[in-house]
>>> print(open('start-v5.cif').read())   # mmCIF, all heavy atoms
data_my_file
#
loop_
_atom_site.label_atom_id
_atom_site.label_comp_id
_atom_site.auth_asym_id
_atom_site.auth_seq_id
_atom_site.Cartn_x
_atom_site.Cartn_y
_atom_site.Cartn_z
N MET A 1 75.42 58.50 48.11
CA MET A 1 74.54 59.14 49.08
C MET A 1 75.19 60.40 49.65
O MET A 1 74.53 61.42 49.79
CB MET A 1 74.22 58.13 50.20
CG MET A 1 73.27 58.65 51.22
SD MET A 1 71.66 58.91 50.48
CE MET A 1 70.77 59.49 51.86
N ASP A 2 76.47 60.32 49.97
CA ASP A 2 77.16 61.48 50.53
C ASP A 2 77.17 62.64 49.55
O ASP A 2 77.03 63.79 49.95
CB ASP A 2 78.60 61.11 50.91
CG ASP A 2 78.67 60.18 52.12
OD1 ASP A 2 77.69 60.18 52.89
OD2 ASP A 2 79.68 59.48 52.27
N GLU A 3 77.33 62.33 48.27
CA GLU A 3 77.35 63.38 47.26
C GLU A 3 76.00 64.07 47.16
O GLU A 3 75.91 65.29 47.00
CB GLU A 3 77.75 62.80 45.90
CG GLU A 3 77.97 63.84 44.84
CD GLU A 3 79.15 64.77 45.14
OE1 GLU A 3 80.11 64.36 45.80
OE2 GLU A 3 79.08 65.93 44.71
N ALA A 4 74.91 63.31 47.29
CA ALA A 4 73.56 63.88 47.24
C ALA A 4 73.34 64.81 48.43
O ALA A 4 72.75 65.89 48.28
CB ALA A 4 72.52 62.78 47.23
N ILE A 5 73.79 64.42 49.59
CA ILE A 5 73.64 65.26 50.79
C ILE A 5 74.46 66.53 50.63
O ILE A 5 74.00 67.63 50.94
CB ILE A 5 74.04 64.47 52.05
CG1 ILE A 5 73.02 63.37 52.32
CG2 ILE A 5 74.15 65.40 53.26
CD1 ILE A 5 73.40 62.42 53.43
N LYS A 6 75.69 66.39 50.12
CA LYS A 6 76.55 67.55 49.92
C LYS A 6 75.91 68.52 48.93
O LYS A 6 75.88 69.73 49.16
CB LYS A 6 77.91 67.10 49.41
CG LYS A 6 78.89 68.21 49.20
CD LYS A 6 80.23 67.67 48.71
CE LYS A 6 81.16 68.81 48.39
NZ LYS A 6 82.42 68.33 47.81
N THR A 7 75.38 67.99 47.83
CA THR A 7 74.74 68.84 46.82
C THR A 7 73.51 69.53 47.41
O THR A 7 73.28 70.71 47.16
CB THR A 7 74.33 67.99 45.59
OG1 THR A 7 75.49 67.34 45.10
CG2 THR A 7 73.72 68.85 44.52
N HIS A 8 72.74 68.80 48.20
CA HIS A 8 71.55 69.38 48.83
C HIS A 8 71.95 70.52 49.77
O HIS A 8 71.33 71.59 49.77
CB HIS A 8 70.78 68.31 49.59
CG HIS A 8 69.66 68.86 50.42
ND1 HIS A 8 68.50 69.34 49.86
CD2 HIS A 8 69.54 69.04 51.75
CE1 HIS A 8 67.71 69.78 50.82
NE2 HIS A 8 68.31 69.61 51.97
N LYS A 9 72.99 70.31 50.56
CA LYS A 9 73.45 71.35 51.49
C LYS A 9 73.93 72.58 50.72
O LYS A 9 73.64 73.71 51.12
CB LYS A 9 74.57 70.82 52.37
CG LYS A 9 74.10 69.91 53.48
CD LYS A 9 75.27 69.48 54.36
CE LYS A 9 74.82 68.59 55.48
NZ LYS A 9 75.95 68.17 56.33
N GLU A 10 74.65 72.37 49.64
CA GLU A 10 75.13 73.50 48.84
C GLU A 10 73.97 74.27 48.23
O GLU A 10 73.96 75.50 48.22
CB GLU A 10 76.08 73.01 47.75
CG GLU A 10 77.42 72.53 48.29
CD GLU A 10 78.27 71.86 47.22
OE1 GLU A 10 77.77 71.62 46.10
OE2 GLU A 10 79.43 71.57 47.52
N ALA A 11 72.98 73.55 47.71
CA ALA A 11 71.82 74.20 47.10
C ALA A 11 71.03 74.97 48.16
O ALA A 11 70.60 76.10 47.93
CB ALA A 11 70.94 73.17 46.42
N THR A 12 70.86 74.35 49.32
CA THR A 12 70.13 75.00 50.40
C THR A 12 70.85 76.26 50.86
O THR A 12 70.24 77.30 51.06
CB THR A 12 69.95 74.03 51.59
OG1 THR A 12 69.27 72.88 51.12
CG2 THR A 12 69.15 74.67 52.69
N PHE A 13 72.17 76.16 50.98
CA PHE A 13 72.96 77.32 51.39
C PHE A 13 72.82 78.44 50.36
O PHE A 13 72.71 79.61 50.72
CB PHE A 13 74.43 76.91 51.55
CG PHE A 13 75.30 78.01 52.08
CD1 PHE A 13 75.13 78.49 53.37
CD2 PHE A 13 76.29 78.57 51.28
CE1 PHE A 13 75.94 79.50 53.87
CE2 PHE A 13 77.09 79.58 51.77
CZ PHE A 13 76.92 80.04 53.06
N GLY A 14 72.80 78.10 49.09
CA GLY A 14 72.61 79.10 48.04
C GLY A 14 71.27 79.81 48.18
O GLY A 14 71.18 81.03 48.02
N TRP A 15 70.23 79.04 48.47
CA TRP A 15 68.91 79.64 48.66
C TRP A 15 68.89 80.55 49.87
O TRP A 15 68.30 81.63 49.85
CB TRP A 15 67.84 78.56 48.81
CG TRP A 15 67.37 78.05 47.49
CD1 TRP A 15 67.64 76.84 46.93
CD2 TRP A 15 66.54 78.75 46.54
NE1 TRP A 15 67.04 76.76 45.70
CE2 TRP A 15 66.36 77.90 45.44
CE3 TRP A 15 65.96 80.01 46.53
CZ2 TRP A 15 65.61 78.27 44.33
CZ3 TRP A 15 65.20 80.37 45.43
CH2 TRP A 15 65.03 79.52 44.35
N VAL A 16 69.54 80.13 50.94
CA VAL A 16 69.58 80.96 52.15
C VAL A 16 70.28 82.28 51.85
O VAL A 16 69.80 83.35 52.24
CB VAL A 16 70.29 80.20 53.30
CG1 VAL A 16 70.59 81.14 54.46
CG2 VAL A 16 69.43 79.04 53.77
N LEU A 17 71.39 82.23 51.13
CA LEU A 17 72.09 83.47 50.78
C LEU A 17 71.22 84.36 49.89
O LEU A 17 71.19 85.58 50.08
CB LEU A 17 73.40 83.14 50.06
CG LEU A 17 74.51 82.57 50.93
CD1 LEU A 17 75.73 82.26 50.07
CD2 LEU A 17 74.88 83.51 52.04
N ALA A 18 70.53 83.75 48.94
CA ALA A 18 69.67 84.53 48.04
C ALA A 18 68.56 85.22 48.83
O ALA A 18 68.26 86.40 48.61
CB ALA A 18 69.08 83.63 46.97
N ILE A 19 67.96 84.51 49.75
CA ILE A 19 66.87 85.09 50.56
C ILE A 19 67.42 86.21 51.44
O ILE A 19 66.80 87.26 51.58
CB ILE A 19 66.17 84.00 51.39
CG1 ILE A 19 65.38 83.08 50.44
CG2 ILE A 19 65.26 84.60 52.44
CD1 ILE A 19 64.84 81.83 51.09
N GLN A 20 68.62 86.01 52.01
CA GLN A 20 69.22 87.06 52.83
C GLN A 20 69.49 88.31 52.00
O GLN A 20 69.30 89.43 52.48
CB GLN A 20 70.52 86.56 53.47
CG GLN A 20 70.29 85.58 54.60
CD GLN A 20 71.59 85.04 55.17
OE1 GLN A 20 72.64 85.12 54.54
NE2 GLN A 20 71.52 84.46 56.35
N GLU A 21 69.94 88.14 50.78
CA GLU A 21 70.17 89.29 49.91
C GLU A 21 68.87 90.01 49.58
O GLU A 21 68.83 91.25 49.55
CB GLU A 21 70.87 88.85 48.63
CG GLU A 21 72.30 88.45 48.83
CD GLU A 21 72.96 87.98 47.54
OE1 GLU A 21 72.38 88.17 46.46
OE2 GLU A 21 74.07 87.45 47.63
N ILE A 22 67.81 89.26 49.35
CA ILE A 22 66.51 89.87 49.06
C ILE A 22 66.02 90.66 50.27
O ILE A 22 65.54 91.79 50.14
CB ILE A 22 65.48 88.79 48.65
CG1 ILE A 22 65.86 88.22 47.28
CG2 ILE A 22 64.06 89.34 48.65
CD1 ILE A 22 65.09 86.98 46.89
N VAL A 23 66.15 90.08 51.46
CA VAL A 23 65.72 90.77 52.68
C VAL A 23 66.55 92.04 52.90
O VAL A 23 65.99 93.09 53.25
CB VAL A 23 65.82 89.82 53.90
CG1 VAL A 23 65.65 90.57 55.21
CG2 VAL A 23 64.78 88.72 53.78
N ALA A 24 67.85 91.97 52.66
CA ALA A 24 68.70 93.15 52.83
C ALA A 24 68.31 94.24 51.84
O ALA A 24 68.25 95.42 52.21
CB ALA A 24 70.17 92.76 52.65
N ALA A 25 68.03 93.85 50.60
CA ALA A 25 67.61 94.84 49.60
C ALA A 25 66.27 95.46 49.98
O ALA A 25 66.06 96.67 49.83
CB ALA A 25 67.52 94.18 48.22
N TRP A 26 65.36 94.67 50.49
CA TRP A 26 64.04 95.15 50.90
C TRP A 26 64.18 96.15 52.06
O TRP A 26 63.55 97.21 52.06
CB TRP A 26 63.17 93.96 51.32
CG TRP A 26 61.83 94.33 51.86
CD1 TRP A 26 61.45 94.27 53.16
CD2 TRP A 26 60.70 94.80 51.13
NE1 TRP A 26 60.14 94.68 53.29
CE2 TRP A 26 59.66 95.01 52.05
CE3 TRP A 26 60.47 95.07 49.80
CZ2 TRP A 26 58.42 95.48 51.67
CZ3 TRP A 26 59.21 95.52 49.43
CH2 TRP A 26 58.22 95.73 50.35
N ARG A 27 65.02 95.81 53.04
CA ARG A 27 65.23 96.71 54.17
C ARG A 27 65.88 98.02 53.72
O ARG A 27 65.53 99.09 54.22
CB ARG A 27 66.08 96.04 55.24
CG ARG A 27 65.33 94.98 55.99
CD ARG A 27 66.18 94.34 57.06
NE ARG A 27 65.38 93.40 57.83
CZ ARG A 27 65.88 92.50 58.63
NH1 ARG A 27 67.19 92.41 58.79
NH2 ARG A 27 65.09 91.68 59.30
N ALA A 28 66.83 97.93 52.80
CA ALA A 28 67.46 99.14 52.28
C ALA A 28 66.43 100.01 51.56
O ALA A 28 66.41 101.23 51.71
CB ALA A 28 68.60 98.78 51.33
N TRP A 29 65.56 99.38 50.79
CA TRP A 29 64.52 100.11 50.08
C TRP A 29 63.57 100.79 51.07
O TRP A 29 63.21 101.95 50.90
CB TRP A 29 63.74 99.17 49.16
CG TRP A 29 62.64 99.84 48.42
CD1 TRP A 29 62.73 100.61 47.31
CD2 TRP A 29 61.24 99.82 48.78
NE1 TRP A 29 61.50 101.07 46.93
CE2 TRP A 29 60.56 100.60 47.82
CE3 TRP A 29 60.52 99.22 49.80
CZ2 TRP A 29 59.18 100.80 47.87
CZ3 TRP A 29 59.16 99.41 49.83
CH2 TRP A 29 58.51 100.19 48.88
N LEU A 30 63.18 100.06 52.11
CA LEU A 30 62.31 100.65 53.13
C LEU A 30 63.00 101.82 53.84
O LEU A 30 62.36 102.83 54.15
CB LEU A 30 61.90 99.59 54.17
CG LEU A 30 60.87 98.58 53.71
CD1 LEU A 30 60.65 97.53 54.81
CD2 LEU A 30 59.56 99.24 53.34
N GLY A 31 64.29 101.70 54.09
CA GLY A 31 65.04 102.78 54.72
C GLY A 31 65.07 104.02 53.84
O GLY A 31 64.88 105.14 54.31
N ARG A 32 65.30 103.82 52.54
CA ARG A 32 65.29 104.97 51.62
C ARG A 32 63.90 105.60 51.56
O ARG A 32 63.77 106.82 51.54
CB ARG A 32 65.72 104.53 50.21
CG ARG A 32 67.20 104.23 50.11
CD ARG A 32 67.64 104.04 48.67
NE ARG A 32 66.92 103.00 47.95
CZ ARG A 32 67.25 101.72 47.93
NH1 ARG A 32 68.31 101.29 48.59
NH2 ARG A 32 66.54 100.86 47.23
N LEU A 33 62.88 104.77 51.54
CA LEU A 33 61.50 105.29 51.51
C LEU A 33 61.21 106.09 52.77
O LEU A 33 60.61 107.18 52.70
CB LEU A 33 60.51 104.12 51.37
CG LEU A 33 59.03 104.49 51.34
CD1 LEU A 33 58.72 105.35 50.12
CD2 LEU A 33 58.18 103.24 51.34
N ALA A 34 61.61 105.58 53.92
CA ALA A 34 61.37 106.29 55.18
C ALA A 34 62.09 107.64 55.21
O ALA A 34 61.52 108.64 55.64
CB ALA A 34 61.81 105.43 56.36
N ARG A 35 63.35 107.65 54.74
CA ARG A 35 64.09 108.92 54.70
C ARG A 35 63.43 109.91 53.74
O ARG A 35 63.33 111.10 54.04
CB ARG A 35 65.54 108.68 54.29
CG ARG A 35 66.39 108.12 55.41
CD ARG A 35 67.86 108.13 55.07
NE ARG A 35 68.19 107.33 53.90
CZ ARG A 35 68.40 106.02 53.93
NH1 ARG A 35 68.31 105.36 55.08
NH2 ARG A 35 68.71 105.36 52.83
N LYS A 36 62.95 109.41 52.61
CA LYS A 36 62.29 110.27 51.63
C LYS A 36 61.00 110.86 52.22
O LYS A 36 60.73 112.05 52.09
CB LYS A 36 61.96 109.47 50.38
CG LYS A 36 61.31 110.25 49.27
CD LYS A 36 61.05 109.36 48.07
CE LYS A 36 60.29 110.10 46.99
NZ LYS A 36 59.97 109.24 45.86
N GLN A 37 60.23 110.03 52.90
CA GLN A 37 58.99 110.50 53.51
C GLN A 37 59.27 111.49 54.64
O GLN A 37 58.55 112.47 54.80
CB GLN A 37 58.16 109.32 54.02
CG GLN A 37 57.55 108.51 52.90
CD GLN A 37 56.80 107.30 53.42
OE1 GLN A 37 57.00 106.86 54.56
NE2 GLN A 37 55.95 106.74 52.58
N ALA A 38 60.31 111.24 55.42
CA ALA A 38 60.66 112.15 56.51
C ALA A 38 61.10 113.50 55.95
O ALA A 38 60.72 114.56 56.48
CB ALA A 38 61.76 111.55 57.37
N ALA A 39 61.88 113.47 54.88
CA ALA A 39 62.33 114.72 54.26
C ALA A 39 61.14 115.50 53.70
O ALA A 39 61.06 116.73 53.84
CB ALA A 39 63.33 114.43 53.15
N GLU A 40 60.21 114.81 53.08
CA GLU A 40 59.02 115.47 52.54
C GLU A 40 58.17 116.06 53.66
O GLU A 40 57.66 117.17 53.54
CB GLU A 40 58.20 114.48 51.71
CG GLU A 40 56.97 115.08 51.08
CD GLU A 40 57.28 116.19 50.09
OE1 GLU A 40 58.33 116.15 49.45
OE2 GLU A 40 56.44 117.10 49.96
N ALA A 41 58.02 115.33 54.75
CA ALA A 41 57.25 115.84 55.89
C ALA A 41 57.91 117.08 56.47
O ALA A 41 57.23 118.04 56.85
CB ALA A 41 57.12 114.76 56.95
N THR A 42 59.24 117.07 56.55
CA THR A 42 59.97 118.23 57.07
C THR A 42 59.77 119.43 56.14
O THR A 42 59.53 120.55 56.62
CB THR A 42 61.47 117.90 57.19
OG1 THR A 42 61.61 116.78 58.06
CG2 THR A 42 62.25 119.06 57.74
N ARG A 43 59.87 119.21 54.84
CA ARG A 43 59.67 120.31 53.89
C ARG A 43 58.25 120.86 53.98
O ARG A 43 58.03 122.07 53.98
CB ARG A 43 59.93 119.84 52.45
CG ARG A 43 61.39 119.79 52.10
CD ARG A 43 61.59 119.62 50.61
NE ARG A 43 61.07 118.36 50.12
CZ ARG A 43 61.73 117.21 50.11
NH1 ARG A 43 62.96 117.17 50.57
NH2 ARG A 43 61.19 116.12 49.64
N THR A 44 57.27 119.97 54.09
CA THR A 44 55.87 120.40 54.20
C THR A 44 55.65 121.19 55.48
O THR A 44 55.01 122.23 55.47
CB THR A 44 54.93 119.18 54.17
OG1 THR A 44 55.16 118.46 52.96
CG2 THR A 44 53.49 119.60 54.24
N ALA A 45 56.21 120.71 56.58
CA ALA A 45 56.03 121.39 57.86
C ALA A 45 56.72 122.74 57.86
O ALA A 45 56.23 123.71 58.47
CB ALA A 45 56.59 120.53 58.99
N SER A 46 57.85 122.86 57.18
CA SER A 46 58.56 124.14 57.18
C SER A 46 57.85 125.18 56.31
O SER A 46 58.05 126.36 56.48
CB SER A 46 60.00 123.95 56.70
OG SER A 46 60.02 123.56 55.35
N ARG A 47 57.02 124.74 55.37
CA ARG A 47 56.27 125.69 54.53
C ARG A 47 55.01 126.21 55.21
O ARG A 47 54.53 127.27 54.86
CB ARG A 47 55.86 124.98 53.22
CG ARG A 47 56.97 124.90 52.24
CD ARG A 47 56.45 124.40 50.91
NE ARG A 47 57.24 123.24 50.55
CZ ARG A 47 56.77 122.09 50.13
NH1 ARG A 47 55.50 121.91 49.97
NH2 ARG A 47 57.57 121.10 49.84
N ARG A 48 54.49 125.44 56.15
CA ARG A 48 53.25 125.85 56.83
C ARG A 48 53.54 126.93 57.85
O ARG A 48 54.48 126.82 58.62
CB ARG A 48 52.64 124.66 57.57
CG ARG A 48 51.74 123.86 56.72
CD ARG A 48 50.97 122.88 57.58
NE ARG A 48 50.80 121.68 56.77
CZ ARG A 48 50.90 120.45 57.21
NH1 ARG A 48 51.14 120.23 58.46
NH2 ARG A 48 50.73 119.45 56.40
N PRO A 49 52.71 127.96 57.89
CA PRO A 49 52.91 128.96 58.95
C PRO A 49 52.56 128.36 60.31
O PRO A 49 51.72 127.48 60.42
CB PRO A 49 51.94 130.07 58.57
CG PRO A 49 50.95 129.47 57.64
CD PRO A 49 51.62 128.27 57.01
N MET A 50 53.20 128.85 61.31
CA MET A 50 52.92 128.39 62.67
C MET A 50 51.55 128.87 63.10
O MET A 50 51.13 129.98 62.78
CB MET A 50 53.97 128.94 63.65
CG MET A 50 55.37 128.43 63.41
SD MET A 50 55.55 126.72 63.92
CE MET A 50 55.49 126.91 65.66
N ALA A 51 50.85 128.03 63.83
CA ALA A 51 49.53 128.42 64.33
C ALA A 51 49.71 129.44 65.46
O ALA A 51 50.62 129.32 66.28
CB ALA A 51 48.80 127.19 64.86
N PRO A 52 48.84 130.44 65.50
CA PRO A 52 48.95 131.40 66.59
C PRO A 52 48.65 130.76 67.94
O PRO A 52 47.83 129.86 68.03
CB PRO A 52 47.89 132.46 66.26
CG PRO A 52 47.03 131.85 65.23
CD PRO A 52 47.76 130.72 64.60
N ARG A 53 49.33 131.24 68.94
CA ARG A 53 49.13 130.64 70.28
C ARG A 53 48.34 131.55 71.15
O ARG A 53 48.37 132.68 71.20
CB ARG A 53 50.48 130.36 70.92
CG ARG A 53 51.19 129.30 70.16
CD ARG A 53 52.50 128.99 70.84
NE ARG A 53 53.19 127.99 70.02
CZ ARG A 53 53.90 127.02 70.52
NH1 ARG A 53 54.06 126.90 71.79
NH2 ARG A 53 54.49 126.18 69.74
#
>>> encode(input="start-v5.cif", output="structure tokens")
Amino acid sequence: MDEAIKTHKEATFGWVLAIQEIVAAWRAWLGRLARKQAAEATRTASRRPMAPR
């Protein structure tokens, strides 16, 4: 019985680590996407002439 509980805990811990890695990769991807979009917005805004006041 103890061995089954130990194996279950190890397997569960493995899944938790895998999910944490997936979440970290997803957040990193979102961060890169946000930086890319911000850079594109800055480039687009710098090409537009200023509106007269």
>>> atom_distance(input="start-v5.cif", atom1="atom CD1 of Ile19 of chain A", atom2="atom CG of Gln37 of chain A")
27.7 Å
>>> atom_distance(input="start-v5.cif", atom1="atom CA of Pro49 of chain A", atom2="atom CA of Arg35 of chain A")
23.3 Å
>>> atom_distance(input="start-v5.cif", atom1="atom CA of Thr42 of chain A", atom2="atom CB of Leu30 of chain A")
19.0 Å
>>> axis_aligned_box(input="start-v5.cif", around="segment 16-21 of chain A", padding_each_side="6 Å", output="lines of an AutoDock Vina configuration file")
center_x = 70.3
center_y = 85.1
center_z = 51.4
size_x = 22.9
size_y = 24.2
size_z = 21.9
